[in-house]
Amino acid sequence: MATVQNFPFAAIMLYLAGGVTCCVLKPKASKVVCLLLNSLVTVLMFAVLLYTVRTGESYVYWMGHFPAPWGNEIRIGPLEALMGTAFPLIMTLTLLGGMEHIFEDVEPEKTNLYFTVVSLLMVAMLALIFTNDLFTAYVFVEINTIASCALVMLKYRSGRALVATTRYMMMSLLGSGLFLLGIVILYSITGHLLMEPMARKIRELFSTGNYAFPLTVTVGLFAVGMALKSALWPFSAWLPDAHSSATVSSSGILSGLVVKSYIILLLKIFYRVIGIDLVYSSGITNILFLFGFGAIVFGSFYALREKDIKRMLAYSSVAQIGYIYLGIGIGTSLGAKAACIQILVHAITKPLLFCTAGAFMSASGGSRRFENLRGAGRRDLLSGIAFTIGALSMIGIPLFAGFITKLHLTRSLFLFGTWKFWFGIAALVISTVLNTLYYLAAVSVLFQKVPGDSPPVERPSASLFYRCSVIIFSVLNLLYGIFSEPVTQIIQSGLSLFS
Amino acid sequence: MGSNLTSNYFEVTAVICFSIGFTMLFLNKNLIKKVIGFNFMDSSIFLFLASNGYITGRISPIITNGSVASENYINPIPAGLVLTGIVVSVSVSAFLLALTTRLYLRYHTLDLDEMIRLSRAEDD
């Protein structure tokens, strides 16, 4: 076994150790530990990515060196390694981009706990990406839930954040309850918890036609459970409050990464456990497709009505999650590819938008409402430009990352061509128009000339770290928009190894 | 279908309990009752698992009389899963109750709708 194959497991353990260390350190020290840890894991996972791309296949890592039916496993292929590299990278940049706000919003003597929670969240998300065992997935789904709720509620002095956390937690628990029931039913039918033996058994049952009804029920339970947790419309009522009332970095992390980890898990279950043929024949993909359609339309409409910049971005997340489910709902591997591309695109764009929104807020006396944000982009020019880049990417202008998603979604819709084609194209057209309306309105408010505007004052958010983070995010966005082909190749090869 | 319902009565009971807990967690406005509903929901899944692992006439897999033949023992894996599930559900309940305490101290109510209203009024 090559040394590099140990890195994914090492990454999880490093985060676990780092999280425990952070809770006894001083806030400043724990910040340094957490950032270094994230950078280190990014490098480690990049090495794994290079390794899996070079060998072109996936490998299974035995935890505790017990073979298949007994031991616990993690599995790493190109797609998992890609996500495993992207998540810590985006986490580092988001933390850097909102660092001042973390130190303002979190209770001073508890700031180190923020970094503990972030590390534990990374443990859970990486484990969800890598795991090859469904019950392990359940345990980490719950850890993910607790950690992400803690990220929202750590905003000090805000009753709104506490209430939002409660609503988020309740909806998440409903989702994980359904997910657990699905696992338990599947376990009682197949007698396995590891993904590969389970998939073999399910294919056997599928060909004989036994247990067709319980299998359909489990597919539905998994889909609804994960849809609740990843805020697919109509289950998305909790998202705008939870994502907008948290501190800036938390909003970026929750929108950009946390909801995606559940979707990746759902994709793995659909492709590696149940088999996409069975999912497709059960009709669940059609329902996900329609929900995705609803999410795109309603999310965009609500975002258009919103007068608060962070809530607007949160509603825009609802619409963007709709794209991911639209891709999954097509039910072909091209659709799944588009979904994975959208996961990455949204993960690099939305944290950028949230971080810049934080900068506008501190350049306008802490207000989030558009009427008070007039001219904020002029007062803080770098953030203004970065926000515009993010907005153009969300609209789907060529050269920016968001365009790549729309390109691949349209391509997969064309090749599929039934009623889904018309719905999908309609969704893309409606959302592009609405996105243009609300993002350009936001940009024009931000760059509005305010009569008698005082010269730019010294802003707290103009720190070097913030600037680096925003610039790197913008460059990543453009790079991905122009040279997307290698990443698409990796996603393609990763998905082909899934089945 | 009917005979399946009577022969798998443990599973049927578990799923009915699950639905009760689920509805309570989803629809009840009182936070404490929501926590109770959550525990009810998770416990019903533990019942499902535990009943799956039990095989009539066999004993728990602890070797006392020197026999290592697997035919004598029940399936221990569901018991392990139940244990893990209990740990998860305990920590989630603790988190929820801590959250409820914070909210009660702030708003002096346990009604979630009331809290949402109060927190919005506070913000404006």
# chains A, B, ... in the order shown; residues from 1 in each chain; ligands from 1
call {"tool": "residues_around", "arguments": {"residues": "Phe400 (chain A)", "least_positions_apart": "6", "cutoff": "7 Å", "atoms": "only C-alpha atoms", "output": "PyMOL selection string"}}
result
chain A and resi 392-393+477-478+481
call {"tool": "closest_atom_pairs", "arguments": {"of": "chain B", "to": "chain A", "cutoff": "9 Å", "atoms": "only C-alpha atoms", "output": "JSON lines"}}
result
{"residue": "B:Val15", "atom": "CA", "partner": "A:Leu181", "partner_atom": "CA", "distance": 8.7}
{"residue": "B:Phe18", "atom": "CA", "partner": "A:Gly177", "partner_atom": "CA", "distance": 8.6}
{"residue": "B:Phe22", "atom": "CA", "partner": "A:Leu174", "partner_atom": "CA", "distance": 6.7}
{"residue": "B:Leu25", "atom": "CA", "partner": "A:Met170", "partner_atom": "CA", "distance": 7.0}
{"residue": "B:Phe26", "atom": "CA", "partner": "A:Leu174", "partner_atom": "CA", "distance": 7.2}
{"residue": "B:Leu31", "atom": "CA", "partner": "A:Thr166", "partner_atom": "CA", "distance": 8.9}
{"residue": "B:Lys34", "atom": "CA", "partner": "A:Met170", "partner_atom": "CA", "distance": 8.1}
{"residue": "B:Phe38", "atom": "CA", "partner": "A:Leu173", "partner_atom": "CA", "distance": 7.6}
{"residue": "B:Met41", "atom": "CA", "partner": "A:Gly177", "partner_atom": "CA", "distance": 7.2}
{"residue": "B:Asp42", "atom": "CA", "partner": "A:Gly177", "partner_atom": "CA", "distance": 7.0}
{"residue": "B:Ile45", "atom": "CA", "partner": "A:Leu181", "partner_atom": "CA", "distance": 6.6}
{"residue": "B:Phe48", "atom": "CA", "partner": "A:Val184", "partner_atom": "CA", "distance": 7.7}
{"residue": "B:Leu49", "atom": "CA", "partner": "A:Val184", "partner_atom": "CA", "distance": 6.8}
{"residue": "B:Asn52", "atom": "CA", "partner": "A:Ser188", "partner_atom": "CA", "distance": 6.8}
{"residue": "B:Gly53", "atom": "CA", "partner": "A:Ser188", "partner_atom": "CA", "distance": 9.0}
{"residue": "B:Leu81", "atom": "CA", "partner": "A:Phe135", "partner_atom": "CA", "distance": 7.8}
{"residue": "B:Thr84", "atom": "CA", "partner": "A:Val139", "partner_atom": "CA", "distance": 7.9}
{"residue": "B:Gly85", "atom": "CA", "partner": "A:Val139", "partner_atom": "CA", "distance": 7.7}
{"residue": "B:Val88", "atom": "CA", "partner": "A:Val139", "partner_atom": "CA", "distance": 7.0}
{"residue": "B:Ser89", "atom": "CA", "partner": "A:Glu142", "partner_atom": "CA", "distance": 8.8}
{"residue": "B:Ser91", "atom": "CA", "partner": "A:Ile146", "partner_atom": "CA", "distance": 8.7}
{"residue": "B:Val92", "atom": "CA", "partner": "A:Ile146", "partner_atom": "CA", "distance": 7.0}
{"residue": "B:Phe95", "atom": "CA", "partner": "A:Ile146", "partner_atom": "CA", "distance": 7.6}
{"residue": "B:Leu96", "atom": "CA", "partner": "A:Thr166", "partner_atom": "CA", "distance": 7.7}
{"residue": "B:Leu99", "atom": "CA", "partner": "A:Thr166", "partner_atom": "CA", "distance": 7.3}
{"residue": "B:Thr100", "atom": "CA", "partner": "A:Thr166", "partner_atom": "CA", "distance": 8.2}
{"residue": "B:Arg102", "atom": "CA", "partner": "A:Leu162", "partner_atom": "CA", "distance": 8.2}
{"residue": "B:Leu103", "atom": "CA", "partner": "A:Leu162", "partner_atom": "CA", "distance": 7.0}
{"residue": "B:Arg106", "atom": "CA", "partner": "A:Gly159", "partner_atom": "CA", "distance": 7.7}
{"residue": "B:Tyr107", "atom": "CA", "partner": "A:Gly159", "partner_atom": "CA", "distance": 8.8}
{"residue": "B:Leu112", "atom": "CA", "partner": "A:Val163", "partner_atom": "CA", "distance": 7.9}
{"residue": "B:Met115", "atom": "CA", "partner": "A:Val163", "partner_atom": "CA", "distance": 6.9}
{"residue": "B:Ile116", "atom": "CA", "partner": "A:Val163", "partner_atom": "CA", "distance": 6.4}
{"residue": "B:Leu118", "atom": "CA", "partner": "A:Gly159", "partner_atom": "CA", "distance": 8.8}
{"residue": "B:Ser119", "atom": "CA", "partner": "A:Arg160", "partner_atom": "CA", "distance": 5.2}
{"residue": "B:Arg120", "atom": "CA", "partner": "A:Arg160", "partner_atom": "CA", "distance": 6.9}
{"residue": "B:Glu122", "atom": "CA", "partner": "A:Gly159", "partner_atom": "CA", "distance": 7.9}
{"residue": "B:Asp123", "atom": "CA", "partner": "A:Arg160", "partner_atom": "CA", "distance": 7.4}
call {"tool": "write_last_selection", "arguments": {"atoms": "N, CA and C atoms", "output": "mmCIF file, in the first residue's frame"}}
result
data_model
loop_
_atom_site.group_PDB
_atom_site.id
_atom_site.type_symbol
_atom_site.label_atom_id
_atom_site.label_comp_id
_atom_site.auth_asym_id
_atom_site.auth_seq_id
_atom_site.Cartn_x
_atom_site.Cartn_y
_atom_site.Cartn_z
ATOM 1 N N VAL B 15 -42.665 0.773 13.384
ATOM 2 C CA VAL B 15 -42.938 1.816 12.396
ATOM 3 C C VAL B 15 -44.086 2.706 12.848
ATOM 4 N N PHE B 18 -42.613 4.972 15.277
ATOM 5 C CA PHE B 18 -41.793 5.939 14.538
ATOM 6 C C PHE B 18 -42.671 7.074 14.027
ATOM 7 N N PHE B 22 -42.357 10.903 14.941
ATOM 8 C CA PHE B 22 -42.077 11.808 13.825
ATOM 9 C C PHE B 22 -43.077 12.956 13.798
ATOM 10 N N LEU B 25 -42.445 15.334 16.676
ATOM 11 C CA LEU B 25 -41.273 16.182 16.448
ATOM 12 C C LEU B 25 -41.592 17.242 15.402
ATOM 13 N N PHE B 26 -42.418 16.873 14.447
ATOM 14 C CA PHE B 26 -42.682 17.767 13.322
ATOM 15 C C PHE B 26 -43.721 18.829 13.698
ATOM 16 N N LEU B 31 -41.301 22.771 22.781
ATOM 17 C CA LEU B 31 -39.963 22.237 22.516
ATOM 18 C C LEU B 31 -39.674 20.970 23.299
ATOM 19 N N LYS B 34 -41.268 18.173 21.698
ATOM 20 C CA LYS B 34 -40.516 17.833 20.487
ATOM 21 C C LYS B 34 -39.349 16.896 20.834
ATOM 22 N N PHE B 38 -38.710 13.167 19.558
ATOM 23 C CA PHE B 38 -37.468 12.708 18.943
ATOM 24 C C PHE B 38 -36.983 11.424 19.591
ATOM 25 N N MET B 41 -39.108 8.526 18.570
ATOM 26 C CA MET B 41 -38.809 8.130 17.194
ATOM 27 C C MET B 41 -37.557 7.253 17.146
ATOM 28 N N ASP B 42 -36.505 7.712 17.849
ATOM 29 C CA ASP B 42 -35.263 6.943 17.803
ATOM 30 C C ASP B 42 -35.420 5.611 18.519
ATOM 31 N N ILE B 45 -36.833 2.934 16.432
ATOM 32 C CA ILE B 45 -35.873 2.321 15.507
ATOM 33 C C ILE B 45 -35.013 1.292 16.244
ATOM 34 N N PHE B 48 -36.932 -1.820 16.405
ATOM 35 C CA PHE B 48 -36.865 -2.467 15.084
ATOM 36 C C PHE B 48 -35.580 -3.284 14.976
ATOM 37 N N LEU B 49 -34.448 -2.616 15.309
ATOM 38 C CA LEU B 49 -33.147 -3.283 15.180
ATOM 39 C C LEU B 49 -33.031 -4.451 16.135
ATOM 40 N N ASN B 52 -34.896 -7.392 15.134
ATOM 41 C CA ASN B 52 -34.285 -8.055 13.987
ATOM 42 C C ASN B 52 -33.164 -8.988 14.380
ATOM 43 N N GLY B 53 -32.425 -8.584 15.412
ATOM 44 C CA GLY B 53 -31.249 -9.368 15.773
ATOM 45 C C GLY B 53 -31.601 -10.586 16.608
ATOM 46 N N LEU B 81 -25.387 -1.802 16.839
ATOM 47 C CA LEU B 81 -25.942 -0.624 16.169
ATOM 48 C C LEU B 81 -26.837 0.157 17.115
ATOM 49 N N THR B 84 -24.715 2.240 19.387
ATOM 50 C CA THR B 84 -24.228 3.442 18.706
ATOM 51 C C THR B 84 -25.358 4.459 18.570
ATOM 52 N N GLY B 85 -26.538 3.946 18.187
ATOM 53 C CA GLY B 85 -27.677 4.844 18.013
ATOM 54 C C GLY B 85 -28.044 5.538 19.297
ATOM 55 N N VAL B 88 -25.703 8.397 19.927
ATOM 56 C CA VAL B 88 -26.032 9.536 19.074
ATOM 57 C C VAL B 88 -27.266 10.252 19.612
ATOM 58 N N SER B 89 -28.297 9.476 19.964
ATOM 59 C CA SER B 89 -29.544 10.127 20.352
ATOM 60 C C SER B 89 -29.400 10.833 21.692
ATOM 61 N N SER B 91 -26.643 12.362 22.718
ATOM 62 C CA SER B 91 -25.952 13.632 22.520
ATOM 63 C C SER B 91 -26.860 14.644 21.831
ATOM 64 N N VAL B 92 -27.674 14.163 20.894
ATOM 65 C CA VAL B 92 -28.589 15.096 20.236
ATOM 66 C C VAL B 92 -29.598 15.641 21.241
ATOM 67 N N PHE B 95 -28.017 18.277 23.402
ATOM 68 C CA PHE B 95 -27.875 19.534 22.654
ATOM 69 C C PHE B 95 -29.213 20.265 22.595
ATOM 70 N N LEU B 96 -30.274 19.500 22.268
ATOM 71 C CA LEU B 96 -31.591 20.111 22.133
ATOM 72 C C LEU B 96 -32.060 20.707 23.455
ATOM 73 N N LEU B 99 -30.274 23.860 24.230
ATOM 74 C CA LEU B 99 -30.824 24.919 23.380
ATOM 75 C C LEU B 99 -32.142 25.411 23.951
ATOM 76 N N THR B 100 -32.990 24.450 24.385
ATOM 77 C CA THR B 100 -34.287 24.822 24.953
ATOM 78 C C THR B 100 -34.104 25.680 26.191
ATOM 79 N N ARG B 102 -31.590 27.673 26.938
ATOM 80 C CA ARG B 102 -31.181 29.021 26.527
ATOM 81 C C ARG B 102 -32.375 29.812 26.034
ATOM 82 N N LEU B 103 -33.216 29.161 25.214
ATOM 83 C CA LEU B 103 -34.363 29.863 24.647
ATOM 84 C C LEU B 103 -35.370 30.230 25.732
ATOM 85 N N ARG B 106 -34.394 33.171 27.691
ATOM 86 C CA ARG B 106 -34.466 34.412 26.927
ATOM 87 C C ARG B 106 -35.903 34.862 26.695
ATOM 88 N N TYR B 107 -36.786 33.907 26.353
ATOM 89 C CA TYR B 107 -38.134 34.296 25.945
ATOM 90 C C TYR B 107 -39.229 33.889 26.938
ATOM 91 N N LEU B 112 -42.632 27.247 20.176
ATOM 92 C CA LEU B 112 -41.702 27.644 19.117
ATOM 93 C C LEU B 112 -42.248 28.796 18.284
ATOM 94 N N MET B 115 -41.786 31.945 20.054
ATOM 95 C CA MET B 115 -40.376 32.364 20.018
ATOM 96 C C MET B 115 -40.026 33.012 18.695
ATOM 97 N N ILE B 116 -40.537 32.404 17.602
ATOM 98 C CA ILE B 116 -40.237 32.968 16.286
ATOM 99 C C ILE B 116 -40.774 34.403 16.222
ATOM 100 N N LEU B 118 -41.430 36.452 18.782
ATOM 101 C CA LEU B 118 -40.678 37.337 19.669
ATOM 102 C C LEU B 118 -39.319 37.699 19.083
ATOM 103 N N SER B 119 -38.660 36.695 18.465
ATOM 104 C CA SER B 119 -37.316 36.984 17.954
ATOM 105 C C SER B 119 -37.383 37.928 16.764
ATOM 106 N N ARG B 120 -38.470 37.815 15.973
ATOM 107 C CA ARG B 120 -38.601 38.751 14.844
ATOM 108 C C ARG B 120 -38.857 40.161 15.356
ATOM 109 N N GLU B 122 -37.927 41.369 18.145
ATOM 110 C CA GLU B 122 -36.691 41.842 18.755
ATOM 111 C C GLU B 122 -35.748 42.438 17.704
ATOM 112 N N ASP B 123 -35.773 41.804 16.508
ATOM 113 C CA ASP B 123 -34.833 42.168 15.471
ATOM 114 C C ASP B 123 -35.191 43.502 14.817
#
call {"tool": "residues_around", "arguments": {"residues": "Asn8 (chain B)", "least_positions_apart": "4", "cutoff": "10 Å", "atoms": "only C-alpha atoms", "output": "ChimeraX atom specification"}}
result
/B:3-4,12-13,51-52
call {"tool": "write_last_selection", "arguments": {"atoms": "N, CA, C and O atoms", "output": "tab-separated table (two decimals), in the first residue's frame"}}
result
chain	number	residue	atom	x	y	z
B	3	SER	N	-50.90	-11.24	6.29
B	3	SER	CA	-50.12	-12.17	7.09
B	3	SER	C	-48.75	-11.59	7.41
B	3	SER	O	-48.19	-11.84	8.47
B	4	ASN	N	-48.19	-10.77	6.48
B	4	ASN	CA	-46.93	-10.11	6.77
B	4	ASN	C	-47.06	-9.19	7.97
B	4	ASN	O	-46.17	-9.12	8.81
B	12	VAL	N	-43.91	-3.78	12.66
B	12	VAL	CA	-45.10	-2.94	12.48
B	12	VAL	C	-45.24	-1.97	13.64
B	12	VAL	O	-45.42	-0.77	13.45
B	13	THR	N	-45.09	-2.52	14.87
B	13	THR	CA	-45.16	-1.64	16.04
B	13	THR	C	-44.11	-0.55	15.96
B	13	THR	O	-44.39	0.62	16.23
B	51	SER	N	-35.29	-6.24	17.56
B	51	SER	CA	-36.15	-7.39	17.23
B	51	SER	C	-35.60	-8.13	16.01
B	51	SER	O	-35.77	-9.34	15.89
B	52	ASN	N	-34.90	-7.39	15.13
B	52	ASN	CA	-34.28	-8.06	13.99
B	52	ASN	C	-33.16	-8.99	14.38
B	52	ASN	O	-32.93	-10.01	13.74
call {"tool": "closest_residue", "arguments": {"among": "A:Cys23, A:Leu215, A:Ile341, A:Leu290", "to": "Thr190 (chain A)", "atoms": "only C-alpha atoms"}}
result
A:Leu215
call {"tool": "residues_around", "arguments": {"residues": "Arg157 (chain A)", "least_positions_apart": "4", "cutoff": "9 Å", "atoms": "only C-alpha atoms", "output": "PyMOL selection string"}}
result
chain A and resi 105-107+161
